[in-house]
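Here's the structure, in structure tokens; my notes come after.
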Amino acid sequence: MDPIWKNTMEALKNFTDVLACNKCHCEPLDAVTFTNCGHFFCKKCVKNHTVCVKCGTPVQPVEIHSDHLIKNLTSYCNGIVQMIGERNVQQSTTDDALCVSQVLSTSSQRIPGSSNQKHIPQKNINKKNGKGETKLHVACTKNNVEYVKLLLLAGADPNTKDNAGWTPLQEVVNSGYTSLCEMLLDVGAQPNIPGIENRTALHDAVINERLVETKLLLQHFAKTDVYDKHGKKPIDYCEPFKDKISYEIWTLLKEESGMNDTSINLNSTLDRSYAVPHTLSTFVMFASDLKKENKRKLFEVAAKHKIRVVSRNQASVTHVIVEANNQNIVKASYDVMMAILRGNWLLNSEWFQIAMDVEDILTMELDLFEINGAPTPGTPRKARENAQNQNPGLFDHCCFYFALQQNNTYYVNDMELRKNALEKLVKCGGGTILTRQPDPEYLEKEEGIIPFHIAYNPSHSLYKCTHYVIYAPGRDEPRVKYNMSHLKSLPLVWLTECIDKFTLVDPLCLGIL
């Protein structure tokens, strides 16, 4: 080793000591972190553990998450080690791992030895074509390993969806491109993002009998208890007695399901979901009913950090600022409900003071200023994490007909709402608006379609309900109300309760049906 690197090597060794697995004290392979205490380990070192071996804190399987930050930091170290000519700073290294720290310094790169000399632009690398595909999507479908590697090193997002809802990971799993599957997972591709028909990559691996891909997905914490639009988990697509591969896949899923079995109520499924780390490069802020003084502060913060502030609650909004009470709760309003359905950040006005004191607004811990309830506690975060995980909207696969007068104002929990505003809320939540009242005699029944947010609960009274007639109790209340498995008539308050709790509320719980 060149003597010039002596001090660097010494500092690097100190750094890698900090990054060592807290059990085997080697480089953490497939690093996982216990979220309740913050200690990290190799995945294999703590498999089936119920307590942290470092501090003794009890841990549940749902509290063990893949730690991509640790993976990236160790990868950075390995890159530096190779650059200065020293090996084995820790007791083990992964020579063939994709090092995400290898930043491309030029404005574009070419594939070595490529006859086509394809360019990789630094800007707009995630730009989509007419099919909604990025360059990474296309490269993955062609199994172009070298090009995929360069795209990832240049900053391509492995979690984008095309127009059909497919991510690059789902593309390679379906095609059986094992090396690309492993590469994407290693750089942070999320295995639990639902795609077409609300299937995850694990569903696709099982359907296509991809044994190796199934193992890789499970190693990266793919969930076995997720449901597609037919209400099926990945294991439900297994045919264990078909052949040896099918039996091995079934055995893997059975064992993993047993490990993940907890006593946590199924109604908290979304609360238990691991939130994808989400960093916004652009802020688009909207102020809802702010006091005059706070409006002034907002524009001061916007001027300092070059934040875009809009006067209308439009689709491009990423953060909504509201006034909260002492419990960090806000009243329900049209703007608040729209923010929940979009998965926006709902922040209280205390955020302004800290925002003025920081240099880089992207480094702020926004969780500290997130509204707790709107008014139901936990809803803003639940809705935001749902959007960050790229899950379907609240009203996915739901069709609504509003039996309301166009120009009338309807009052629900001190809110004034009109028909067109309600239709916008439903569309924002991924629902479909019907212009004619559905006729049960001619309604084309969508057999087997189950809304995403209640797919885990077959006992829910709306389990297979896809069509809704919404009415306002009173003079204009319809005489005929439907209570069929696929078509139900429900009062307007049910709809607002769904948004307030960010779930399809069982009407039985409200005493409606």
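Following the order of the structure tokens, first chain is A, next is B, and so on, with residues numbered from 1 inside each chain and ligands from 1 in the order they appear.
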Contacts of stretch 423-426 of chain A at 12 Å (only C-alpha atoms; same-chain gap of 3+ positions) as an mmCIF file with all heavy atoms, in the first residue's frame:
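Wrote it out as part35.cif, contents follow:
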```cif
data_model
loop_
_atom_site.group_PDB
_atom_site.id
_atom_site.type_symbol
_atom_site.label_atom_id
_atom_site.label_comp_id
_atom_site.auth_asym_id
_atom_site.auth_seq_id
_atom_site.Cartn_x
_atom_site.Cartn_y
_atom_site.Cartn_z
ATOM 1 N N ASN A 313 -55.019 23.808 -4.391
ATOM 2 C CA ASN A 313 -54.662 22.455 -3.974
ATOM 3 C C ASN A 313 -54.673 21.534 -5.190
ATOM 4 O O ASN A 313 -55.629 20.809 -5.441
ATOM 5 C CB ASN A 313 -55.656 21.958 -2.912
ATOM 6 C CG ASN A 313 -55.139 20.725 -2.187
ATOM 7 O OD1 ASN A 313 -54.100 20.167 -2.534
ATOM 8 N ND2 ASN A 313 -55.856 20.287 -1.173
ATOM 9 N N GLN A 314 -53.573 21.546 -5.942
ATOM 10 C CA GLN A 314 -53.493 20.809 -7.196
ATOM 11 C C GLN A 314 -52.702 19.518 -7.046
ATOM 12 O O GLN A 314 -52.114 19.238 -6.013
ATOM 13 C CB GLN A 314 -52.864 21.695 -8.269
ATOM 14 C CG GLN A 314 -51.509 22.259 -7.868
ATOM 15 C CD GLN A 314 -51.132 23.484 -8.683
ATOM 16 O OE1 GLN A 314 -51.950 24.338 -8.972
ATOM 17 N NE2 GLN A 314 -49.853 23.550 -9.069
ATOM 18 N N ALA A 315 -52.695 18.716 -8.127
ATOM 19 C CA ALA A 315 -52.099 17.383 -8.072
ATOM 20 C C ALA A 315 -50.602 17.409 -7.805
ATOM 21 O O ALA A 315 -50.048 16.442 -7.275
ATOM 22 C CB ALA A 315 -52.380 16.646 -9.383
ATOM 23 N N SER A 333 -61.314 18.623 6.665
ATOM 24 C CA SER A 333 -61.738 19.609 5.674
ATOM 25 C C SER A 333 -61.474 19.015 4.300
ATOM 26 O O SER A 333 -60.816 17.974 4.171
ATOM 27 C CB SER A 333 -60.967 20.921 5.841
ATOM 28 O OG SER A 333 -59.605 20.744 5.497
ATOM 29 N N TYR A 334 -61.959 19.695 3.275
ATOM 30 C CA TYR A 334 -61.725 19.212 1.919
ATOM 31 C C TYR A 334 -60.231 19.137 1.622
ATOM 32 O O TYR A 334 -59.738 18.128 1.093
ATOM 33 C CB TYR A 334 -62.420 20.133 0.916
ATOM 34 C CG TYR A 334 -62.113 19.792 -0.529
ATOM 35 C CD1 TYR A 334 -62.759 18.725 -1.165
ATOM 36 C CD2 TYR A 334 -61.174 20.521 -1.249
ATOM 37 C CE1 TYR A 334 -62.473 18.413 -2.487
ATOM 38 C CE2 TYR A 334 -60.890 20.213 -2.574
ATOM 39 C CZ TYR A 334 -61.533 19.157 -3.178
ATOM 40 O OH TYR A 334 -61.245 18.839 -4.489
ATOM 41 N N ASP A 335 -59.478 20.178 1.978
ATOM 42 C CA ASP A 335 -58.035 20.191 1.721
ATOM 43 C C ASP A 335 -57.315 19.089 2.478
ATOM 44 O O ASP A 335 -56.410 18.439 1.940
ATOM 45 C CB ASP A 335 -57.444 21.549 2.118
ATOM 46 C CG ASP A 335 -57.832 22.662 1.153
ATOM 47 O OD1 ASP A 335 -58.137 22.344 -0.010
ATOM 48 O OD2 ASP A 335 -57.844 23.828 1.581
ATOM 49 N N VAL A 336 -57.705 18.878 3.723
ATOM 50 C CA VAL A 336 -57.068 17.842 4.541
ATOM 51 C C VAL A 336 -57.371 16.459 3.975
ATOM 52 O O VAL A 336 -56.486 15.604 3.858
ATOM 53 C CB VAL A 336 -57.531 17.947 6.003
ATOM 54 C CG1 VAL A 336 -57.132 16.699 6.793
ATOM 55 C CG2 VAL A 336 -56.942 19.194 6.662
ATOM 56 N N MET A 337 -58.626 16.220 3.585
ATOM 57 C CA MET A 337 -58.992 14.919 3.015
ATOM 58 C C MET A 337 -58.268 14.679 1.695
ATOM 59 O O MET A 337 -57.827 13.562 1.403
ATOM 60 C CB MET A 337 -60.509 14.823 2.830
ATOM 61 C CG MET A 337 -61.275 14.726 4.134
ATOM 62 S SD MET A 337 -63.025 14.222 3.914
ATOM 63 C CE MET A 337 -63.654 15.615 2.988
ATOM 64 N N MET A 338 -58.117 15.726 0.894
ATOM 65 C CA MET A 338 -57.401 15.589 -0.375
ATOM 66 C C MET A 338 -55.934 15.238 -0.127
ATOM 67 O O MET A 338 -55.359 14.393 -0.825
ATOM 68 C CB MET A 338 -57.511 16.890 -1.168
ATOM 69 C CG MET A 338 -56.979 16.803 -2.577
ATOM 70 S SD MET A 338 -57.913 15.668 -3.641
ATOM 71 C CE MET A 338 -59.345 16.677 -4.025
ATOM 72 N N ALA A 339 -55.330 15.870 0.880
ATOM 73 C CA ALA A 339 -53.938 15.575 1.217
ATOM 74 C C ALA A 339 -53.779 14.128 1.665
ATOM 75 O O ALA A 339 -52.805 13.451 1.322
ATOM 76 C CB ALA A 339 -53.453 16.525 2.313
ATOM 77 N N ILE A 340 -54.738 13.631 2.444
ATOM 78 C CA ILE A 340 -54.694 12.243 2.912
ATOM 79 C C ILE A 340 -54.790 11.286 1.732
ATOM 80 O O ILE A 340 -54.014 10.327 1.625
ATOM 81 C CB ILE A 340 -55.833 11.995 3.919
ATOM 82 C CG1 ILE A 340 -55.535 12.707 5.240
ATOM 83 C CG2 ILE A 340 -56.035 10.496 4.156
ATOM 84 C CD1 ILE A 340 -56.693 12.692 6.225
ATOM 85 N N LEU A 341 -55.722 11.526 0.836
ATOM 86 C CA LEU A 341 -55.911 10.626 -0.301
ATOM 87 C C LEU A 341 -54.718 10.642 -1.250
ATOM 88 O O LEU A 341 -54.410 9.626 -1.885
ATOM 89 C CB LEU A 341 -57.189 11.000 -1.048
ATOM 90 C CG LEU A 341 -58.486 10.715 -0.290
ATOM 91 C CD1 LEU A 341 -59.682 11.347 -0.995
ATOM 92 C CD2 LEU A 341 -58.699 9.219 -0.113
ATOM 93 N N ARG A 342 -54.037 11.785 -1.357
ATOM 94 C CA ARG A 342 -52.848 11.860 -2.223
ATOM 95 C C ARG A 342 -51.611 11.299 -1.538
ATOM 96 O O ARG A 342 -50.610 11.043 -2.189
ATOM 97 C CB ARG A 342 -52.587 13.318 -2.607
ATOM 98 C CG ARG A 342 -53.543 13.892 -3.635
ATOM 99 C CD ARG A 342 -53.043 15.245 -4.104
ATOM 100 N NE ARG A 342 -53.967 15.862 -5.036
ATOM 101 C CZ ARG A 342 -54.401 17.104 -4.971
ATOM 102 N NH1 ARG A 342 -53.999 17.887 -3.980
ATOM 103 N NH2 ARG A 342 -55.229 17.589 -5.866
ATOM 104 N N GLY A 393 -54.504 3.352 -4.267
ATOM 105 C CA GLY A 393 -55.252 4.343 -3.512
ATOM 106 C C GLY A 393 -56.346 3.706 -2.676
ATOM 107 O O GLY A 393 -56.695 2.530 -2.843
ATOM 108 N N LEU A 394 -56.917 4.492 -1.791
ATOM 109 C CA LEU A 394 -57.926 3.989 -0.861
ATOM 110 C C LEU A 394 -59.114 3.369 -1.579
ATOM 111 O O LEU A 394 -59.650 2.349 -1.141
ATOM 112 C CB LEU A 394 -58.403 5.138 0.039
ATOM 113 C CG LEU A 394 -59.513 4.820 1.034
ATOM 114 C CD1 LEU A 394 -59.100 3.716 2.001
ATOM 115 C CD2 LEU A 394 -59.917 6.076 1.800
ATOM 116 N N PHE A 395 -59.534 3.975 -2.712
ATOM 117 C CA PHE A 395 -60.734 3.496 -3.408
ATOM 118 C C PHE A 395 -60.392 2.678 -4.644
ATOM 119 O O PHE A 395 -61.159 2.637 -5.613
ATOM 120 C CB PHE A 395 -61.618 4.691 -3.780
ATOM 121 C CG PHE A 395 -62.070 5.497 -2.593
ATOM 122 C CD1 PHE A 395 -61.815 6.861 -2.521
ATOM 123 C CD2 PHE A 395 -62.722 4.894 -1.536
ATOM 124 C CE1 PHE A 395 -62.224 7.609 -1.428
ATOM 125 C CE2 PHE A 395 -63.136 5.622 -0.424
ATOM 126 C CZ PHE A 395 -62.880 6.981 -0.369
ATOM 127 N N ASP A 396 -59.257 2.010 -4.621
ATOM 128 C CA ASP A 396 -58.835 1.149 -5.721
ATOM 129 C C ASP A 396 -59.901 0.096 -6.024
ATOM 130 O O ASP A 396 -60.417 -0.560 -5.122
ATOM 131 C CB ASP A 396 -57.515 0.458 -5.341
ATOM 132 C CG ASP A 396 -57.047 -0.520 -6.387
ATOM 133 O OD1 ASP A 396 -56.792 -0.088 -7.526
ATOM 134 O OD2 ASP A 396 -56.923 -1.722 -6.063
ATOM 135 N N HIS A 397 -60.265 -0.031 -7.311
ATOM 136 C CA HIS A 397 -61.263 -0.997 -7.787
ATOM 137 C C HIS A 397 -62.657 -0.745 -7.215
ATOM 138 O O HIS A 397 -63.468 -1.676 -7.125
ATOM 139 C CB HIS A 397 -60.830 -2.441 -7.472
ATOM 140 C CG HIS A 397 -59.734 -2.933 -8.350
ATOM 141 N ND1 HIS A 397 -58.487 -3.272 -7.880
ATOM 142 C CD2 HIS A 397 -59.683 -3.126 -9.687
ATOM 143 C CE1 HIS A 397 -57.718 -3.658 -8.884
ATOM 144 N NE2 HIS A 397 -58.416 -3.567 -9.988
ATOM 145 N N CYS A 398 -62.952 0.504 -6.850
ATOM 146 C CA CYS A 398 -64.278 0.860 -6.350
ATOM 147 C C CYS A 398 -64.935 1.856 -7.296
ATOM 148 O O CYS A 398 -64.301 2.816 -7.737
ATOM 149 C CB CYS A 398 -64.194 1.468 -4.948
ATOM 150 S SG CYS A 398 -63.571 0.335 -3.680
ATOM 151 N N CYS A 399 -66.221 1.640 -7.619
ATOM 152 C CA CYS A 399 -66.977 2.524 -8.505
ATOM 153 C C CYS A 399 -68.092 3.195 -7.709
ATOM 154 O O CYS A 399 -68.804 2.525 -6.951
ATOM 155 C CB CYS A 399 -67.575 1.735 -9.665
ATOM 156 S SG CYS A 399 -66.347 0.878 -10.686
ATOM 157 N N PHE A 400 -68.253 4.514 -7.891
ATOM 158 C CA PHE A 400 -69.201 5.283 -7.086
ATOM 159 C C PHE A 400 -70.209 6.020 -7.959
ATOM 160 O O PHE A 400 -69.855 6.622 -8.970
ATOM 161 C CB PHE A 400 -68.461 6.316 -6.238
ATOM 162 C CG PHE A 400 -67.628 5.724 -5.131
ATOM 163 C CD1 PHE A 400 -66.349 5.245 -5.384
ATOM 164 C CD2 PHE A 400 -68.117 5.643 -3.832
ATOM 165 C CE1 PHE A 400 -65.573 4.706 -4.380
ATOM 166 C CE2 PHE A 400 -67.358 5.099 -2.815
ATOM 167 C CZ PHE A 400 -66.082 4.629 -3.085
ATOM 168 N N TYR A 401 -71.457 5.957 -7.517
ATOM 169 C CA TYR A 401 -72.499 6.809 -8.091
ATOM 170 C C TYR A 401 -73.044 7.670 -6.960
ATOM 171 O O TYR A 401 -73.459 7.157 -5.916
ATOM 172 C CB TYR A 401 -73.636 5.996 -8.704
ATOM 173 C CG TYR A 401 -74.782 6.867 -9.172
ATOM 174 C CD1 TYR A 401 -74.695 7.567 -10.363
ATOM 175 C CD2 TYR A 401 -75.938 7.017 -8.399
ATOM 176 C CE1 TYR A 401 -75.727 8.400 -10.798
ATOM 177 C CE2 TYR A 401 -76.979 7.837 -8.817
ATOM 178 C CZ TYR A 401 -76.857 8.518 -10.010
ATOM 179 O OH TYR A 401 -77.867 9.341 -10.425
ATOM 180 N N PHE A 402 -73.028 8.993 -7.163
ATOM 181 C CA PHE A 402 -73.508 9.903 -6.136
ATOM 182 C C PHE A 402 -74.962 10.291 -6.444
ATOM 183 O O PHE A 402 -75.232 11.004 -7.417
ATOM 184 C CB PHE A 402 -72.631 11.155 -6.077
ATOM 185 C CG PHE A 402 -71.306 10.914 -5.419
ATOM 186 C CD1 PHE A 402 -70.189 10.589 -6.177
ATOM 187 C CD2 PHE A 402 -71.173 10.994 -4.039
ATOM 188 C CE1 PHE A 402 -68.960 10.359 -5.577
ATOM 189 C CE2 PHE A 402 -69.950 10.761 -3.426
ATOM 190 C CZ PHE A 402 -68.844 10.442 -4.194
ATOM 191 N N ALA A 403 -75.874 9.809 -5.605
ATOM 192 C CA ALA A 403 -77.294 10.137 -5.747
ATOM 193 C C ALA A 403 -77.553 11.470 -5.052
ATOM 194 O O ALA A 403 -78.333 11.564 -4.087
ATOM 195 C CB ALA A 403 -78.154 9.032 -5.147
ATOM 196 N N LEU A 404 -76.873 12.512 -5.534
ATOM 197 C CA LEU A 404 -76.919 13.836 -4.915
ATOM 198 C C LEU A 404 -77.246 14.888 -5.967
ATOM 199 O O LEU A 404 -77.024 14.670 -7.170
ATOM 200 C CB LEU A 404 -75.564 14.171 -4.269
ATOM 201 C CG LEU A 404 -74.998 13.178 -3.263
ATOM 202 C CD1 LEU A 404 -73.584 13.599 -2.859
ATOM 203 C CD2 LEU A 404 -75.887 13.062 -2.035
ATOM 204 N N GLN A 406 -76.521 18.301 -7.922
ATOM 205 C CA GLN A 406 -75.268 18.930 -8.333
ATOM 206 C C GLN A 406 -75.000 20.240 -7.597
ATOM 207 O O GLN A 406 -73.870 20.527 -7.212
ATOM 208 C CB GLN A 406 -75.284 19.180 -9.846
ATOM 209 C CG GLN A 406 -73.954 19.623 -10.413
ATOM 210 C CD GLN A 406 -72.908 18.521 -10.382
ATOM 211 O OE1 GLN A 406 -73.195 17.378 -10.714
ATOM 212 N NE2 GLN A 406 -71.683 18.854 -9.962
ATOM 213 N N LEU A 417 -69.777 20.272 1.711
ATOM 214 C CA LEU A 417 -69.266 19.574 0.533
ATOM 215 C C LEU A 417 -70.318 19.547 -0.564
ATOM 216 O O LEU A 417 -71.513 19.375 -0.291
ATOM 217 C CB LEU A 417 -68.868 18.133 0.899
ATOM 218 C CG LEU A 417 -67.744 17.979 1.921
ATOM 219 C CD1 LEU A 417 -67.682 16.542 2.419
ATOM 220 C CD2 LEU A 417 -66.410 18.389 1.317
ATOM 221 N N ARG A 418 -69.857 19.703 -1.779
ATOM 222 C CA ARG A 418 -70.740 19.596 -2.941
ATOM 223 C C ARG A 418 -70.403 18.324 -3.735
ATOM 224 O O ARG A 418 -69.343 17.739 -3.556
ATOM 225 C CB ARG A 418 -70.630 20.830 -3.827
ATOM 226 C CG ARG A 418 -71.197 22.084 -3.183
ATOM 227 C CD ARG A 418 -71.504 23.141 -4.209
ATOM 228 N NE ARG A 418 -72.236 24.249 -3.644
ATOM 229 C CZ ARG A 418 -72.878 25.163 -4.368
ATOM 230 N NH1 ARG A 418 -72.855 25.083 -5.696
ATOM 231 N NH2 ARG A 418 -73.529 26.154 -3.792
ATOM 232 N N LYS A 419 -71.295 17.981 -4.623
ATOM 233 C CA LYS A 419 -71.146 16.736 -5.380
ATOM 234 C C LYS A 419 -69.841 16.698 -6.163
ATOM 235 O O LYS A 419 -69.127 15.683 -6.149
ATOM 236 C CB LYS A 419 -72.333 16.557 -6.324
ATOM 237 C CG LYS A 419 -72.304 15.261 -7.119
ATOM 238 C CD LYS A 419 -73.539 15.131 -7.997
ATOM 239 C CE LYS A 419 -73.491 13.843 -8.815
ATOM 240 N NZ LYS A 419 -74.704 13.702 -9.675
ATOM 241 N N ASN A 420 -69.509 17.806 -6.828
ATOM 242 C CA ASN A 420 -68.285 17.794 -7.643
ATOM 243 C C ASN A 420 -67.033 17.634 -6.780
ATOM 244 O O ASN A 420 -66.053 17.005 -7.187
ATOM 245 C CB ASN A 420 -68.192 19.045 -8.507
ATOM 246 C CG ASN A 420 -68.078 20.323 -7.689
ATOM 247 O OD1 ASN A 420 -68.460 20.349 -6.523
ATOM 248 N ND2 ASN A 420 -67.563 21.379 -8.294
ATOM 249 N N GLY A 429 -58.589 9.253 -4.766
ATOM 250 C CA GLY A 429 -58.343 8.009 -4.045
ATOM 251 C C GLY A 429 -58.303 6.787 -4.937
ATOM 252 O O GLY A 429 -58.287 5.652 -4.440
ATOM 253 N N GLY A 430 -58.290 6.996 -6.264
ATOM 254 C CA GLY A 430 -58.177 5.871 -7.193
ATOM 255 C C GLY A 430 -59.494 5.233 -7.567
ATOM 256 O O GLY A 430 -59.515 4.179 -8.213
ATOM 257 N N GLY A 431 -60.622 5.859 -7.180
ATOM 258 C CA GLY A 431 -61.930 5.303 -7.500
ATOM 259 C C GLY A 431 -62.436 5.769 -8.859
ATOM 260 O O GLY A 431 -61.871 6.661 -9.493
ATOM 261 N N THR A 432 -63.541 5.169 -9.302
ATOM 262 C CA THR A 432 -64.170 5.491 -10.587
ATOM 263 C C THR A 432 -65.544 6.107 -10.343
ATOM 264 O O THR A 432 -66.298 5.625 -9.493
ATOM 265 C CB THR A 432 -64.324 4.221 -11.451
ATOM 266 O OG1 THR A 432 -63.037 3.644 -11.671
ATOM 267 C CG2 THR A 432 -64.977 4.542 -12.788
ATOM 268 N N ILE A 433 -65.861 7.178 -11.071
ATOM 269 C CA ILE A 433 -67.148 7.839 -10.938
ATOM 270 C C ILE A 433 -68.100 7.316 -12.020
ATOM 271 O O ILE A 433 -67.758 7.279 -13.206
ATOM 272 C CB ILE A 433 -67.008 9.370 -11.075
ATOM 273 C CG1 ILE A 433 -66.098 9.918 -9.975
ATOM 274 C CG2 ILE A 433 -68.374 10.037 -11.011
ATOM 275 C CD1 ILE A 433 -66.605 9.690 -8.574
ATOM 276 N N LEU A 434 -69.292 6.913 -11.608
ATOM 277 C CA LEU A 434 -70.321 6.443 -12.530
ATOM 278 C C LEU A 434 -71.286 7.591 -12.812
ATOM 279 O O LEU A 434 -71.706 8.304 -11.901
ATOM 280 C CB LEU A 434 -71.089 5.262 -11.928
ATOM 281 C CG LEU A 434 -70.243 4.044 -11.520
ATOM 282 C CD1 LEU A 434 -71.127 2.997 -10.847
ATOM 283 C CD2 LEU A 434 -69.555 3.444 -12.742
ATOM 284 N N THR A 435 -71.643 7.787 -14.076
ATOM 285 C CA THR A 435 -72.577 8.860 -14.441
ATOM 286 C C THR A 435 -74.021 8.390 -14.381
ATOM 287 O O THR A 435 -74.945 9.206 -14.383
ATOM 288 C CB THR A 435 -72.268 9.373 -15.852
ATOM 289 O OG1 THR A 435 -72.317 8.286 -16.780
ATOM 290 C CG2 THR A 435 -70.877 10.005 -15.892
ATOM 291 N N TYR A 468 -70.823 1.292 -5.458
ATOM 292 C CA TYR A 468 -71.454 1.978 -4.328
ATOM 293 C C TYR A 468 -72.368 3.093 -4.825
ATOM 294 O O TYR A 468 -72.011 3.829 -5.761
ATOM 295 C CB TYR A 468 -70.391 2.599 -3.413
ATOM 296 C CG TYR A 468 -69.440 1.578 -2.811
ATOM 297 C CD1 TYR A 468 -68.291 1.185 -3.504
ATOM 298 C CD2 TYR A 468 -69.690 1.007 -1.572
ATOM 299 C CE1 TYR A 468 -67.423 0.244 -2.965
ATOM 300 C CE2 TYR A 468 -68.826 0.075 -1.014
ATOM 301 C CZ TYR A 468 -67.690 -0.301 -1.721
ATOM 302 O OH TYR A 468 -66.843 -1.227 -1.183
ATOM 303 N N ILE A 470 -73.894 6.401 -3.227
ATOM 304 C CA ILE A 470 -73.752 7.275 -2.062
ATOM 305 C C ILE A 470 -74.916 8.261 -2.032
ATOM 306 O O ILE A 470 -75.187 8.950 -3.031
ATOM 307 C CB ILE A 470 -72.418 8.051 -2.112
ATOM 308 C CG1 ILE A 470 -71.240 7.064 -2.222
ATOM 309 C CG2 ILE A 470 -72.272 8.929 -0.874
ATOM 310 C CD1 ILE A 470 -71.097 6.108 -1.068
ATOM 311 N N LEU A 492 -73.505 9.326 2.957
ATOM 312 C CA LEU A 492 -72.324 10.149 2.720
ATOM 313 C C LEU A 492 -71.335 10.097 3.881
ATOM 314 O O LEU A 492 -70.118 10.139 3.679
ATOM 315 C CB LEU A 492 -72.752 11.588 2.446
ATOM 316 C CG LEU A 492 -71.683 12.611 2.115
ATOM 317 C CD1 LEU A 492 -70.831 12.143 0.945
ATOM 318 C CD2 LEU A 492 -72.325 13.957 1.800
ATOM 319 N N LEU A 495 -68.538 7.594 3.565
ATOM 320 C CA LEU A 495 -67.423 7.963 2.697
ATOM 321 C C LEU A 495 -66.405 8.818 3.441
ATOM 322 O O LEU A 495 -65.187 8.586 3.347
ATOM 323 C CB LEU A 495 -67.944 8.702 1.469
ATOM 324 C CG LEU A 495 -66.896 9.088 0.420
ATOM 325 C CD1 LEU A 495 -66.359 7.849 -0.270
ATOM 326 C CD2 LEU A 495 -67.493 10.053 -0.599
ATOM 327 N N THR A 496 -66.875 9.817 4.176
ATOM 328 C CA THR A 496 -65.944 10.691 4.895
ATOM 329 C C THR A 496 -65.248 9.940 6.033
ATOM 330 O O THR A 496 -64.095 10.234 6.358
ATOM 331 C CB THR A 496 -66.667 11.922 5.441
ATOM 332 O OG1 THR A 496 -67.743 11.521 6.297
ATOM 333 C CG2 THR A 496 -67.212 12.770 4.304
ATOM 334 N N CYS A 498 -64.370 6.811 5.882
ATOM 335 C CA CYS A 498 -63.320 6.029 5.220
ATOM 336 C C CYS A 498 -62.055 6.864 5.043
ATOM 337 O O CYS A 498 -60.939 6.391 5.301
ATOM 338 C CB CYS A 498 -63.804 5.531 3.860
ATOM 339 S SG CYS A 498 -65.066 4.251 3.938
ATOM 340 N N ILE A 499 -62.235 8.106 4.597
ATOM 341 C CA ILE A 499 -61.083 8.982 4.384
ATOM 342 C C ILE A 499 -60.445 9.337 5.716
ATOM 343 O O ILE A 499 -59.213 9.342 5.860
ATOM 344 C CB ILE A 499 -61.501 10.256 3.628
ATOM 345 C CG1 ILE A 499 -62.095 9.883 2.263
ATOM 346 C CG2 ILE A 499 -60.302 11.187 3.437
ATOM 347 C CD1 ILE A 499 -62.695 11.049 1.511
#
```
DSSP alpha helix (DSSP H) selection over stretch 270-405 of chain A, as a PyMOL selection string: chain A and resi 270-272+292-305+334-342+351-357+379-388
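Shortest atom-to-atom contact with A:Leu69 among A:Phe34, A:Asp162, A:Leu508, A:Gly188: A:Gly188, counting only C-alpha atoms.
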Contact residues around stretch 62-67 of chain A with only C-alpha atoms at 6 Å, ignoring same-chain residues under 6 positions, as a PDB file with all heavy atoms, in the first residue's frame:
```
ATOM      1  N   ALA A  31     -27.453  -6.666   5.496  1.00  0.00           N
ATOM      2  CA  ALA A  31     -27.640  -5.976   6.780  1.00  0.00           C
ATOM      3  C   ALA A  31     -29.104  -5.761   7.122  1.00  0.00           C
ATOM      4  O   ALA A  31     -29.902  -5.350   6.280  1.00  0.00           O
ATOM      5  CB  ALA A  31     -26.911  -4.635   6.745  1.00  0.00           C
ATOM      6  N   VAL A  32     -29.455  -6.064   8.375  1.00  0.00           N
ATOM      7  CA  VAL A  32     -30.793  -5.813   8.899  1.00  0.00           C
ATOM      8  C   VAL A  32     -30.676  -5.028  10.197  1.00  0.00           C
ATOM      9  O   VAL A  32     -29.693  -5.168  10.929  1.00  0.00           O
ATOM     10  CB  VAL A  32     -31.575  -7.124   9.145  1.00  0.00           C
ATOM     11  CG1 VAL A  32     -31.816  -7.864   7.848  1.00  0.00           C
ATOM     12  CG2 VAL A  32     -30.851  -8.023  10.143  1.00  0.00           C
ATOM     13  N   THR A  33     -31.689  -4.225  10.467  1.00  0.00           N
ATOM     14  CA  THR A  33     -31.702  -3.413  11.681  1.00  0.00           C
ATOM     15  C   THR A  33     -32.935  -3.725  12.509  1.00  0.00           C
ATOM     16  O   THR A  33     -34.021  -3.921  11.964  1.00  0.00           O
ATOM     17  CB  THR A  33     -31.678  -1.912  11.324  1.00  0.00           C
ATOM     18  OG1 THR A  33     -30.415  -1.585  10.756  1.00  0.00           O
ATOM     19  CG2 THR A  33     -31.890  -1.037  12.559  1.00  0.00           C
ATOM     20  N   PHE A  34     -32.757  -3.781  13.834  1.00  0.00           N
ATOM     21  CA  PHE A  34     -33.881  -3.922  14.752  1.00  0.00           C
ATOM     22  C   PHE A  34     -34.404  -2.507  15.023  1.00  0.00           C
ATOM     23  O   PHE A  34     -33.718  -1.699  15.655  1.00  0.00           O
ATOM     24  CB  PHE A  34     -33.442  -4.575  16.066  1.00  0.00           C
ATOM     25  CG  PHE A  34     -33.070  -6.032  15.941  1.00  0.00           C
ATOM     26  CD1 PHE A  34     -32.612  -6.746  17.043  1.00  0.00           C
ATOM     27  CD2 PHE A  34     -33.175  -6.703  14.729  1.00  0.00           C
ATOM     28  CE1 PHE A  34     -32.270  -8.082  16.941  1.00  0.00           C
ATOM     29  CE2 PHE A  34     -32.830  -8.040  14.616  1.00  0.00           C
ATOM     30  CZ  PHE A  34     -32.378  -8.733  15.721  1.00  0.00           C
ATOM     31  N   THR A  35     -35.588  -2.218  14.541  1.00  0.00           N
ATOM     32  CA  THR A  35     -36.086  -0.847  14.620  1.00  0.00           C
ATOM     33  C   THR A  35     -36.397  -0.399  16.046  1.00  0.00           C
ATOM     34  O   THR A  35     -36.451   0.797  16.320  1.00  0.00           O
ATOM     35  CB  THR A  35     -37.353  -0.682  13.766  1.00  0.00           C
ATOM     36  OG1 THR A  35     -38.335  -1.645  14.189  1.00  0.00           O
ATOM     37  CG2 THR A  35     -37.047  -0.901  12.295  1.00  0.00           C
TER      38      THR A  35
END
```
